[in-house]
>>> print(open('query_0.pdb').read())   # PDB, C-alpha atoms
ATOM      1  CA  MET A   1      12.848  21.812  36.937
ATOM      2  CA  LYS A   2      13.478  23.270  40.441
ATOM      3  CA  GLN A   3      10.649  24.978  42.215
ATOM      4  CA  THR A   4      10.674  28.782  42.717
ATOM      5  CA  GLU A   5      13.446  29.724  45.182
ATOM      6  CA  LEU A   6      13.247  32.229  48.036
ATOM      7  CA  LYS A   7      16.527  34.113  48.710
ATOM      8  CA  LEU A   8      16.790  35.784  52.162
ATOM      9  CA  LYS A   9      19.351  38.093  53.781
ATOM     10  CA  TYR A  10      19.875  38.228  57.589
ATOM     11  CA  VAL A  11      21.784  40.383  60.110
ATOM     12  CA  LYS A  12      24.472  38.148  61.536
ATOM     13  CA  ARG A  13      24.097  39.208  65.164
ATOM     14  CA  CYS A  14      20.359  39.127  65.607
ATOM     15  CA  ASN A  15      19.409  37.106  62.611
ATOM     16  CA  ALA A  16      16.941  39.768  61.577
ATOM     17  CA  GLU A  17      15.707  39.633  58.037
ATOM     18  CA  LEU A  18      17.017  42.508  55.955
ATOM     19  CA  ASP A  19      15.930  41.617  52.431
ATOM     20  CA  ARG A  20      13.816  39.083  50.594
ATOM     21  CA  GLU A  21      14.200  38.151  46.887
ATOM     22  CA  ILE A  22      12.053  35.643  44.991
ATOM     23  CA  ILE A  23      13.968  33.822  42.257
ATOM     24  CA  PRO A  24      11.554  32.320  39.681
ATOM     25  CA  ALA A  25      12.137  28.788  38.419
ATOM     26  CA  LEU A  26      13.551  28.402  34.925
ATOM     27  CA  THR A  27      11.234  27.128  32.215
ATOM     28  CA  HIS A  28      12.053  24.099  30.102
ATOM     29  CA  ASP A  29      14.129  24.651  26.993
ATOM     30  CA  PHE A  30      13.178  21.699  24.860
ATOM     31  CA  SER A  31      15.007  20.645  21.726
ATOM     32  CA  GLU A  32      13.310  19.896  18.402
ATOM     33  CA  TRP A  33      11.326  16.674  18.186
ATOM     34  CA  THR A  34      13.470  13.671  17.256
ATOM     35  CA  GLN A  35      11.990  10.460  15.916
ATOM     36  CA  ILE A  36      13.116   7.491  17.979
ATOM     37  CA  LYS A  37      10.746   4.926  16.476
ATOM     38  CA  ALA A  38       9.426   5.194  12.947
ATOM     39  CA  PRO A  39       5.739   4.470  12.367
ATOM     40  CA  THR A  40       4.843   1.484  10.214
ATOM     41  CA  CYS A  41       1.714   0.553   8.311
ATOM     42  CA  VAL A  42       0.158  -0.915  11.461
ATOM     43  CA  GLU A  43       2.176   0.435  14.446
ATOM     44  CA  TYR A  44       2.532   3.890  15.986
ATOM     45  CA  GLY A  45       5.878   5.691  15.918
ATOM     46  CA  ILE A  46       7.427   7.775  18.734
ATOM     47  CA  GLU A  47       9.086  11.219  18.850
ATOM     48  CA  MET A  48      10.995  12.643  21.821
ATOM     49  CA  ARG A  49      12.478  15.987  22.836
ATOM     50  CA  VAL A  50      14.924  16.773  25.692
ATOM     51  CA  CYS A  51      15.289  19.832  27.920
ATOM     52  CA  SER A  52      18.682  21.447  27.430
ATOM     53  CA  ARG A  53      18.758  22.481  31.100
ATOM     54  CA  ASP A  54      18.097  19.023  32.471
ATOM     55  CA  LYS A  55      18.596  15.922  30.315
ATOM     56  CA  ASN A  56      16.366  13.935  32.656
ATOM     57  CA  HIS A  57      13.383  15.991  31.590
ATOM     58  CA  THR A  58      11.920  14.641  28.341
ATOM     59  CA  GLN A  59       8.635  14.619  26.465
ATOM     60  CA  THR A  60       7.330  12.027  24.013
ATOM     61  CA  ARG A  61       4.489  11.923  21.547
ATOM     62  CA  SER A  62       3.127   9.251  19.227
ATOM     63  CA  LEU A  63       3.059   9.307  15.434
ATOM     64  CA  ASN A  64       0.068   7.784  13.690
ATOM     65  CA  SER A  65       0.575   4.595  11.730
ATOM     66  CA  SER A  66       0.481   5.210   7.992
ATOM     67  CA  GLY A  67      -1.858   2.367   7.059
ATOM     68  CA  HIS A  68      -1.237  -0.008   4.178
ATOM     69  CA  SER A  69      -0.819   1.343   0.658
ATOM     70  CA  TYR A  70      -2.107  -1.523  -1.431
ATOM     71  CA  LYS A  71      -1.463  -1.914  -5.132
ATOM     72  CA  LEU A  72      -3.037  -4.553  -7.333
ATOM     73  CA  GLN A  73      -0.603  -7.187  -8.557
ATOM     74  CA  ILE A  74      -1.760  -9.177 -11.561
ATOM     75  CA  ASP A  75      -0.464 -12.310 -13.238
ATOM     76  CA  THR A  76      -1.941 -14.629 -15.826
ATOM     77  CA  GLU A  77      -3.813 -16.737 -13.270
ATOM     78  CA  SER A  78      -4.845 -14.412 -10.441
ATOM     79  CA  HIS A  79      -4.833 -10.952  -8.893
ATOM     80  CA  ARG A  80      -4.048  -9.814  -5.347
ATOM     81  CA  GLU A  81      -3.294  -6.649  -3.405
ATOM     82  CA  ILE A  82       0.222  -6.036  -2.060
ATOM     83  CA  CYS A  83       1.292  -3.144   0.189
ATOM     84  CA  GLU A  84       3.962  -1.049  -1.551
ATOM     85  CA  VAL A  85       5.436  -0.043   1.822
ATOM     86  CA  CYS A  86       5.747  -3.230   3.870
ATOM     87  CA  GLY A  87       4.971  -5.941   1.346
ATOM     88  CA  ASP A  88       1.893  -7.257   3.169
ATOM     89  CA  ALA A  89      -0.046  -9.361   0.672
ATOM     90  CA  LYS A  90      -3.700 -10.289   0.638
ATOM     91  CA  THR A  91      -4.736 -13.732  -0.523
ATOM     92  CA  GLY A  92      -4.650 -14.033  -4.294
ATOM     93  CA  LEU A  93      -7.940 -14.613  -6.089
ATOM     94  CA  PRO A  94      -8.406 -16.283  -9.480
ATOM     95  CA  HIS A  95      -9.533 -14.125 -12.375
ATOM     96  CA  GLU A  96     -13.253 -13.964 -13.053
ATOM     97  CA  TRP A  97     -13.391 -14.175 -16.818
ATOM     98  CA  SER A  98     -15.929 -12.492 -18.991
ATOM     99  CA  GLY A  99     -14.676 -13.540 -22.368
ATOM    100  CA  ASN A 100     -10.956 -12.853 -22.254
ATOM    101  CA  ILE A 101     -11.174 -10.006 -19.690
ATOM    102  CA  CYS A 102     -11.248 -10.340 -15.890
ATOM    103  CA  SER A 103     -14.366  -8.548 -14.630
ATOM    104  CA  VAL A 104     -12.598  -7.707 -11.328
ATOM    105  CA  CYS A 105      -9.175  -6.346 -12.283
ATOM    106  CA  GLY A 106      -9.567  -5.749 -16.027
ATOM    107  CA  TYR A 107      -6.676  -8.048 -16.983
ATOM    108  CA  GLU A 108      -6.967  -9.122 -20.612
ATOM    109  CA  LYS A 109      -5.425 -12.402 -21.569
ATOM    110  CA  GLU A 110      -3.935 -12.910 -24.969
ATOM    111  CA  GLN A 111      -6.386 -14.125 -27.506
ATOM    112  CA  THR A 112      -5.752 -17.288 -29.480
ATOM    113  CA  ASN A 113      -4.094 -16.539 -32.820
ATOM    114  CA  GLU A 114      -2.553 -19.878 -33.778
ATOM    115  CA  LEU A 115      -5.767 -21.209 -35.315
ATOM    116  CA  ASP A 116      -6.371 -21.784 -39.002
ATOM    117  CA  TYR A 117      -8.719 -19.371 -40.777
ATOM    118  CA  PHE A 118     -10.337 -19.047 -44.163
ATOM    119  CA  SER A 119     -12.225 -16.180 -45.783
ATOM    120  CA  VAL A 120     -14.746 -16.794 -48.527
ATOM    121  CA  ASP A 121     -15.790 -13.236 -49.291
ATOM    122  CA  GLY A 122     -12.890 -11.169 -47.973
ATOM    123  CA  LEU A 123     -15.243  -9.544 -45.469
ATOM    124  CA  SER A 124     -15.001 -12.019 -42.591
ATOM    125  CA  TYR A 125     -13.169 -15.125 -41.434
ATOM    126  CA  THR A 126     -14.197 -18.650 -40.493
ATOM    127  CA  VAL A 127     -12.144 -20.747 -38.088
ATOM    128  CA  VAL A 128     -11.394 -23.956 -39.997
ATOM    129  CA  GLY A 129      -8.876 -25.794 -37.804
ATOM    130  CA  ILE A 130      -6.806 -26.047 -34.643
ATOM    131  CA  GLY A 131      -3.580 -24.915 -36.336
ATOM    132  CA  THR A 132      -0.706 -24.903 -33.824
ATOM    133  CA  PHE A 133      -2.883 -24.195 -30.815
ATOM    134  CA  THR A 134      -2.144 -26.477 -27.833
ATOM    135  CA  ASP A 135      -3.644 -24.788 -24.767
ATOM    136  CA  THR A 136      -6.516 -26.240 -22.746
ATOM    137  CA  GLU A 137      -8.527 -23.020 -22.892
ATOM    138  CA  LEU A 138      -9.605 -21.878 -26.330
ATOM    139  CA  ILE A 139     -10.700 -18.275 -26.814
ATOM    140  CA  ILE A 140     -12.040 -17.779 -30.305
ATOM    141  CA  PRO A 141     -10.922 -14.257 -31.311
ATOM    142  CA  SER A 142     -13.547 -11.788 -32.444
ATOM    143  CA  GLU A 143     -11.208 -10.502 -35.175
ATOM    144  CA  TYR A 144      -8.448 -11.840 -37.401
ATOM    145  CA  ARG A 145      -6.303  -9.554 -39.547
ATOM    146  CA  GLY A 146      -8.731  -6.713 -38.988
ATOM    147  CA  LEU A 147     -11.841  -8.632 -40.079
ATOM    148  CA  PRO A 148     -14.540 -10.184 -37.885
ATOM    149  CA  VAL A 149     -14.502 -13.897 -37.127
ATOM    150  CA  THR A 150     -18.087 -14.960 -37.749
ATOM    151  CA  ALA A 151     -18.137 -18.762 -37.993
ATOM    152  CA  ILE A 152     -16.575 -22.058 -36.912
ATOM    153  CA  ALA A 153     -16.311 -24.615 -39.711
ATOM    154  CA  PRO A 154     -17.534 -28.229 -39.594
ATOM    155  CA  GLN A 155     -15.218 -30.447 -37.522
ATOM    156  CA  ALA A 156     -12.869 -27.500 -36.971
ATOM    157  CA  PHE A 157     -11.824 -28.864 -33.566
ATOM    158  CA  SER A 158     -12.938 -32.459 -33.957
ATOM    159  CA  GLY A 159     -10.957 -34.829 -31.747
ATOM    160  CA  CYS A 160      -9.093 -32.068 -29.868
ATOM    161  CA  LYS A 161      -9.484 -33.705 -26.465
ATOM    162  CA  PHE A 162      -7.016 -31.374 -24.774
ATOM    163  CA  ILE A 163      -9.419 -28.424 -25.081
ATOM    164  CA  LYS A 164     -11.400 -28.109 -21.847
ATOM    165  CA  ARG A 165     -12.889 -24.634 -22.083
ATOM    166  CA  VAL A 166     -14.125 -22.601 -25.044
ATOM    167  CA  THR A 167     -15.143 -18.957 -25.273
ATOM    168  CA  VAL A 168     -17.333 -18.024 -28.232
ATOM    169  CA  PRO A 169     -17.189 -14.259 -28.981
ATOM    170  CA  ALA A 170     -20.209 -12.153 -29.887
ATOM    171  CA  SER A 171     -18.925 -11.869 -33.466
ATOM    172  CA  VAL A 172     -19.542 -15.580 -34.150
ATOM    173  CA  THR A 173     -23.016 -16.213 -35.514
ATOM    174  CA  GLU A 174     -22.605 -19.778 -36.797
ATOM    175  CA  ILE A 175     -21.109 -22.985 -35.401
ATOM    176  CA  GLU A 176     -21.138 -25.699 -38.029
ATOM    177  CA  VAL A 177     -21.936 -29.411 -37.634
ATOM    178  CA  ARG A 178     -19.583 -31.372 -35.328
ATOM    179  CA  ALA A 179     -17.287 -28.372 -34.853
ATOM    180  CA  PHE A 180     -16.313 -29.764 -31.442
ATOM    181  CA  ASP A 181     -17.030 -33.440 -32.064
ATOM    182  CA  GLY A 182     -14.851 -35.697 -29.901
ATOM    183  CA  CYS A 183     -13.698 -32.875 -27.620
ATOM    184  CA  GLU A 184     -13.788 -33.426 -23.868
ATOM    185  CA  LEU A 185     -15.090 -29.996 -22.906
ATOM    186  CA  ASN A 186     -15.961 -28.927 -19.366
ATOM    187  CA  GLU A 187     -17.122 -25.355 -19.979
ATOM    188  CA  VAL A 188     -18.357 -23.272 -22.899
ATOM    189  CA  GLU A 189     -18.928 -19.537 -22.565
ATOM    190  CA  PHE A 190     -21.068 -17.625 -25.055
ATOM    191  CA  ILE A 191     -20.449 -13.874 -24.904
ATOM    192  CA  ASN A 192     -23.771 -13.321 -26.675
ATOM    193  CA  THR A 193     -26.415 -15.775 -25.465
ATOM    194  CA  GLU A 194     -29.397 -14.394 -27.408
ATOM    195  CA  GLY A 195     -30.935 -15.636 -30.621
ATOM    196  CA  TRP A 196     -29.275 -19.060 -30.976
ATOM    197  CA  GLY A 197     -31.151 -21.818 -32.796
ATOM    198  CA  LEU A 198     -30.539 -25.301 -34.205
ATOM    199  CA  TYR A 199     -30.597 -26.014 -37.946
ATOM    200  CA  SER A 200     -30.358 -29.167 -40.012
ATOM    201  CA  GLU A 201     -29.572 -28.555 -43.680
ATOM    202  CA  ASP A 202     -30.789 -24.974 -43.247
ATOM    203  CA  VAL A 203     -34.088 -26.144 -41.746
ATOM    204  CA  TYR A 204     -34.856 -24.564 -38.395
ATOM    205  CA  LYS A 205     -35.287 -27.162 -35.644
ATOM    206  CA  GLY A 206     -35.704 -25.084 -32.518
ATOM    207  CA  ALA A 207     -34.229 -22.443 -30.243
ATOM    208  CA  ILE A 208     -31.517 -22.787 -27.613
ATOM    209  CA  SER A 209     -32.657 -21.264 -24.333
ATOM    210  CA  GLN A 210     -30.732 -18.180 -23.326
ATOM    211  CA  LYS A 211     -30.874 -19.426 -19.746
ATOM    212  CA  VAL A 212     -29.030 -22.574 -20.805
ATOM    213  CA  LEU A 213     -26.314 -20.623 -22.578
ATOM    214  CA  MET A 214     -25.784 -18.235 -19.682
ATOM    215  CA  ASP A 215     -24.307 -21.064 -17.618
ATOM    216  CA  VAL A 216     -20.945 -22.350 -18.869
ATOM    217  CA  ILE A 217     -21.622 -25.927 -17.802
ATOM    218  CA  SER A 218     -25.139 -26.242 -19.242
ATOM    219  CA  ALA A 219     -23.964 -24.465 -22.416
ATOM    220  CA  CYS A 220     -21.198 -27.057 -22.705
ATOM    221  CA  ARG A 221     -23.674 -29.908 -22.372
ATOM    222  CA  ALA A 222     -25.926 -28.369 -25.008
ATOM    223  CA  LEU A 223     -23.091 -27.896 -27.501
ATOM    224  CA  VAL A 224     -22.006 -31.501 -27.040
ATOM    225  CA  SER A 225     -25.552 -32.901 -27.127
ATOM    226  CA  TYR A 226     -26.536 -31.012 -30.298
ATOM    227  CA  CYS A 227     -23.227 -31.300 -32.143
ATOM    228  CA  ASP A 228     -24.990 -32.891 -35.144
ATOM    229  CA  TYR A 229     -26.793 -29.617 -35.784
ATOM    230  CA  THR A 230     -25.578 -26.295 -37.108
ATOM    231  CA  TRP A 231     -25.903 -23.548 -34.531
ATOM    232  CA  LYS A 232     -26.916 -20.153 -35.873
ATOM    233  CA  ARG A 233     -27.503 -16.889 -34.078
ATOM    234  CA  VAL A 234     -30.035 -14.404 -35.389
ATOM    235  CA  GLU A 235     -29.844 -10.808 -34.165
ATOM    236  CA  ILE A 236     -32.883  -9.976 -32.014
TER     237      ILE A 236
END
>>> encode(input="query_0.pdb", output="C-alpha cells")
Amino acid sequence: MKQTELKLKYVKRCNAELDREIIPALTHDFSEWTQIKAPTCVEYGIEMRVCSRDKNHTQTRSLNSSGHSYKLQIDTESHREICEVCGDAKTGLPHEWSGNICSVCGYEKEQTNELDYFSVDGLSYTVVGIGTFTDTELIIPSEYRGLPVTAIAPQAFSGCKFIKRVTVPASVTEIEVRAFDGCELNEVEFINTEGWGLYSEDVYKGAISQKVLMDVISACRALVSYCDYTWKRVEI
C-alpha cells in the first residue's frame, strides 16, 4: 500500500503554507484464504489471500502435510500396509503362522475339512484318511462336527507325497504308527510340544524332547525318523 500522504495548501502569490493535512495510508483488506495447492500425505499445501485494494498485494501460508493413513491389507499369503489416501503401499510380508493364525495380523486361514474321520465312542474323532484333500499344507483341525479331533490313525496319510507341511493341533494326543509314512514333508508344527513320548505296542520307549518339537524342521525329522512308533502325548 501507499505510504502516508502529506497534503499541503499554499498561497498562490507568495507560496506561503496555509494548511497542512496528513492523510493516513489505507490498511490492507485481504480476502478469505483460498487453497491454491492441496496438501498430500507427504507434501505441504499452500493457501493465498489477496488485498481487495491492490491485487498485487498477496499473502501465502503453508498447510501441513496430512501424513499417510495406513490400513492393513490381508490376503491368503501375506499382509501389507496401504495408505487409504494416496495408495502408497509398504512391502508385503508373508504370514507368520502359529497353527492356522498369523501371529502378526491375526488372519486365520481355513482349516482342512476334506479329510476322512471316524469316531469310536461318539466323544471324539480320529483322522483316518486323506479324503479329498489336495493342498500341500495340511492343518489338522482341532474339532470336527463339534467334537475334538484327538488322534491320527495308522497310515492315515501314507504315501501322500504332495503334503509338505503339517500342523498338529493341541487337541491331538496320539499319532499312530506310520501315519505319515512315505510323505515328503519339509515342516511339522506341533501346537503343543509338551509331554510327547514314543510307544511300541503300548510299551513306553522314550520321550521326545520339547526343544526338538519347537522347531518345525527338527520336528519333521523326528516324525519321519520315528514313524514306526506310536506318538502319544501325556498332559503334564
>>> residues_around(input="query_0.pdb", residues="Glu187 (chain A)", least_positions_apart="4", cutoff="6 Å", atoms="only C-alpha atoms", output="number ranges by chain")
A: 165, 216-217, 220
>>> residues_around(input="query_0.pdb", residues="region 40-48 of chain A", least_positions_apart="6", cutoff="8 Å", atoms="only C-alpha atoms", output="PDB file with C-alpha atoms, keeping the file's coordinate frame")
ATOM      1  CA  TRP A  33      11.326  16.674  18.186  1.00  0.00           C
ATOM      2  CA  THR A  34      13.470  13.671  17.256  1.00  0.00           C
ATOM      3  CA  THR A  58      11.920  14.641  28.341  1.00  0.00           C
ATOM      4  CA  GLN A  59       8.635  14.619  26.465  1.00  0.00           C
ATOM      5  CA  THR A  60       7.330  12.027  24.013  1.00  0.00           C
ATOM      6  CA  ARG A  61       4.489  11.923  21.547  1.00  0.00           C
ATOM      7  CA  SER A  62       3.127   9.251  19.227  1.00  0.00           C
ATOM      8  CA  LEU A  63       3.059   9.307  15.434  1.00  0.00           C
ATOM      9  CA  ASN A  64       0.068   7.784  13.690  1.00  0.00           C
ATOM     10  CA  SER A  65       0.575   4.595  11.730  1.00  0.00           C
ATOM     11  CA  SER A  66       0.481   5.210   7.992  1.00  0.00           C
ATOM     12  CA  GLY A  67      -1.858   2.367   7.059  1.00  0.00           C
ATOM     13  CA  HIS A  68      -1.237  -0.008   4.178  1.00  0.00           C
ATOM     14  CA  VAL A  85       5.436  -0.043   1.822  1.00  0.00           C
ATOM     15  CA  CYS A  86       5.747  -3.230   3.870  1.00  0.00           C
TER      16      CYS A  86
END
>>> resolve_selection(input="query_0.pdb", expression="the PyMOL selection byres ((chain A and resi 93) around 6)", output="PyMOL selection string")
chain A and resi 78-79+92+94
>>> closest_residue(input="query_0.pdb", among="A:Val168, A:Ala89, A:Cys183, A:Ala38", to="Trp231 (chain A)", atoms="only C-alpha atoms")
A:Val168
>>> resolve_selection(input="query_0.pdb", expression="the PyMOL selection byres ((chain A and resi 106) around 12)", output="ChimeraX atom specification")
/A:72-76,78-79,95-105,107-109
>>> atom_distance(input="query_0.pdb", atom1="CA of Gly195 (chain A)", atom2="CA of Gln210 (chain A)")
7.7 Å
>>> closest_residue(input="query_0.pdb", among="A:Glu174, A:Asp135, A:Asp202, A:Glu189", to="Val149 (chain A)", atoms="only C-alpha atoms")
A:Glu174
>>> atom_distance(input="query_0.pdb", atom1="CA of Lys161 (chain A)", atom2="CA of Gly131 (chain A)")
14.5 Å
>>> residues_around(input="query_0.pdb", residues="Arg178 (chain A)", least_positions_apart="5", cutoff="6 Å", atoms="only C-alpha atoms", output="list in words")
Pro154, Gln155, Cys227 and Asp228 of chain A
>>> closest_residue(input="query_0.pdb", among="A:Ile130, A:Ile191, A:Val50, A:Ile175", to="Thr150 (chain A)", atoms="all atoms listed in the file")
A:Ile175
>>> resolve_selection(input="query_0.pdb", expression="the PyMOL selection byres ((chain A and resi 137) around 8)", output="list in words")
Asp135, Thr136, Leu138, Ile139, Ile163, Lys164, Arg165 and Val166 of chain A
>>> atom_distance(input="query_0.pdb", atom1="CA of Ala151 (chain A)", atom2="CA of Ser171 (chain A)")
8.3 Å
>>> residues_around(input="query_0.pdb", residues="Asp54 (chain A)", least_positions_apart="2", cutoff="9 Å", atoms="all atoms listed in the file", output="VMD selection string")
chain A and resid 1 28 to 29 50 to 52 56 to 58
>>> residues_around(input="query_0.pdb", residues="Ser218 (chain A)", least_positions_apart="6", cutoff="9 Å", atoms="all atoms listed in the file", output="list in words")
Glu187, Val188, Lys211 and Val212 of chain A
>>> closest_residue(input="query_0.pdb", among="A:Gly206, A:Gly159, A:Pro39, A:Gly197", to="Glu184 (chain A)", atoms="only C-alpha atoms")
A:Gly159
>>> axis_aligned_box(input="query_0.pdb", around="region 183-196 of chain A", padding_each_side="3 Å", output="JSON")
{"center_x": -22.3, "center_y": -23.4, "center_z": -25.2, "size_x": 23.2, "size_y": 26.1, "size_z": 17.6}
>>> decode(input="query_0.pdb", residues="region 130-163 of chain A", atoms="C-alpha atoms", output="short mmCIF file (atom, residue, chain, number, x, y, z; two decimals), in the first residue's frame")
data_model
loop_
_atom_site.label_atom_id
_atom_site.label_comp_id
_atom_site.auth_asym_id
_atom_site.auth_seq_id
_atom_site.Cartn_x
_atom_site.Cartn_y
_atom_site.Cartn_z
CA ILE A 130 -6.70 -88.01 3.23
CA GLY A 131 -10.24 -87.83 1.82
CA THR A 132 -10.42 -85.23 -0.97
CA PHE A 133 -7.67 -83.04 0.43
CA THR A 134 -5.09 -81.98 -2.20
CA ASP A 135 -3.23 -78.99 -0.75
CA THR A 136 0.47 -79.03 0.12
CA GLU A 137 -0.12 -77.67 3.61
CA LEU A 138 -2.17 -79.85 5.93
CA ILE A 139 -3.71 -78.30 9.03
CA ILE A 140 -5.30 -80.97 11.17
CA PRO A 141 -8.43 -79.33 12.64
CA SER A 142 -8.86 -79.32 16.40
CA GLU A 143 -12.59 -80.05 16.00
CA TYR A 144 -14.88 -81.89 13.61
CA ARG A 145 -18.66 -81.62 13.82
CA GLY A 146 -18.38 -80.05 17.25
CA LEU A 147 -16.18 -82.79 18.75
CA PRO A 148 -12.43 -82.72 19.38
CA VAL A 149 -10.04 -84.38 16.96
CA THR A 150 -7.73 -86.36 19.23
CA ALA A 151 -5.84 -88.86 17.05
CA ILE A 152 -4.38 -89.66 13.64
CA ALA A 153 -4.89 -93.27 12.56
CA PRO A 154 -2.19 -95.66 11.32
CA GLN A 155 -1.14 -94.88 7.73
CA ALA A 156 -3.75 -92.11 7.56
CA PHE A 157 -1.58 -90.10 5.15
CA SER A 158 0.74 -92.85 3.95
CA GLY A 159 2.15 -92.13 0.50
CA CYS A 160 0.74 -88.58 0.28
CA LYS A 161 3.90 -87.09 -1.19
CA PHE A 162 2.24 -83.80 -2.09
CA ILE A 163 1.93 -82.82 1.59
#
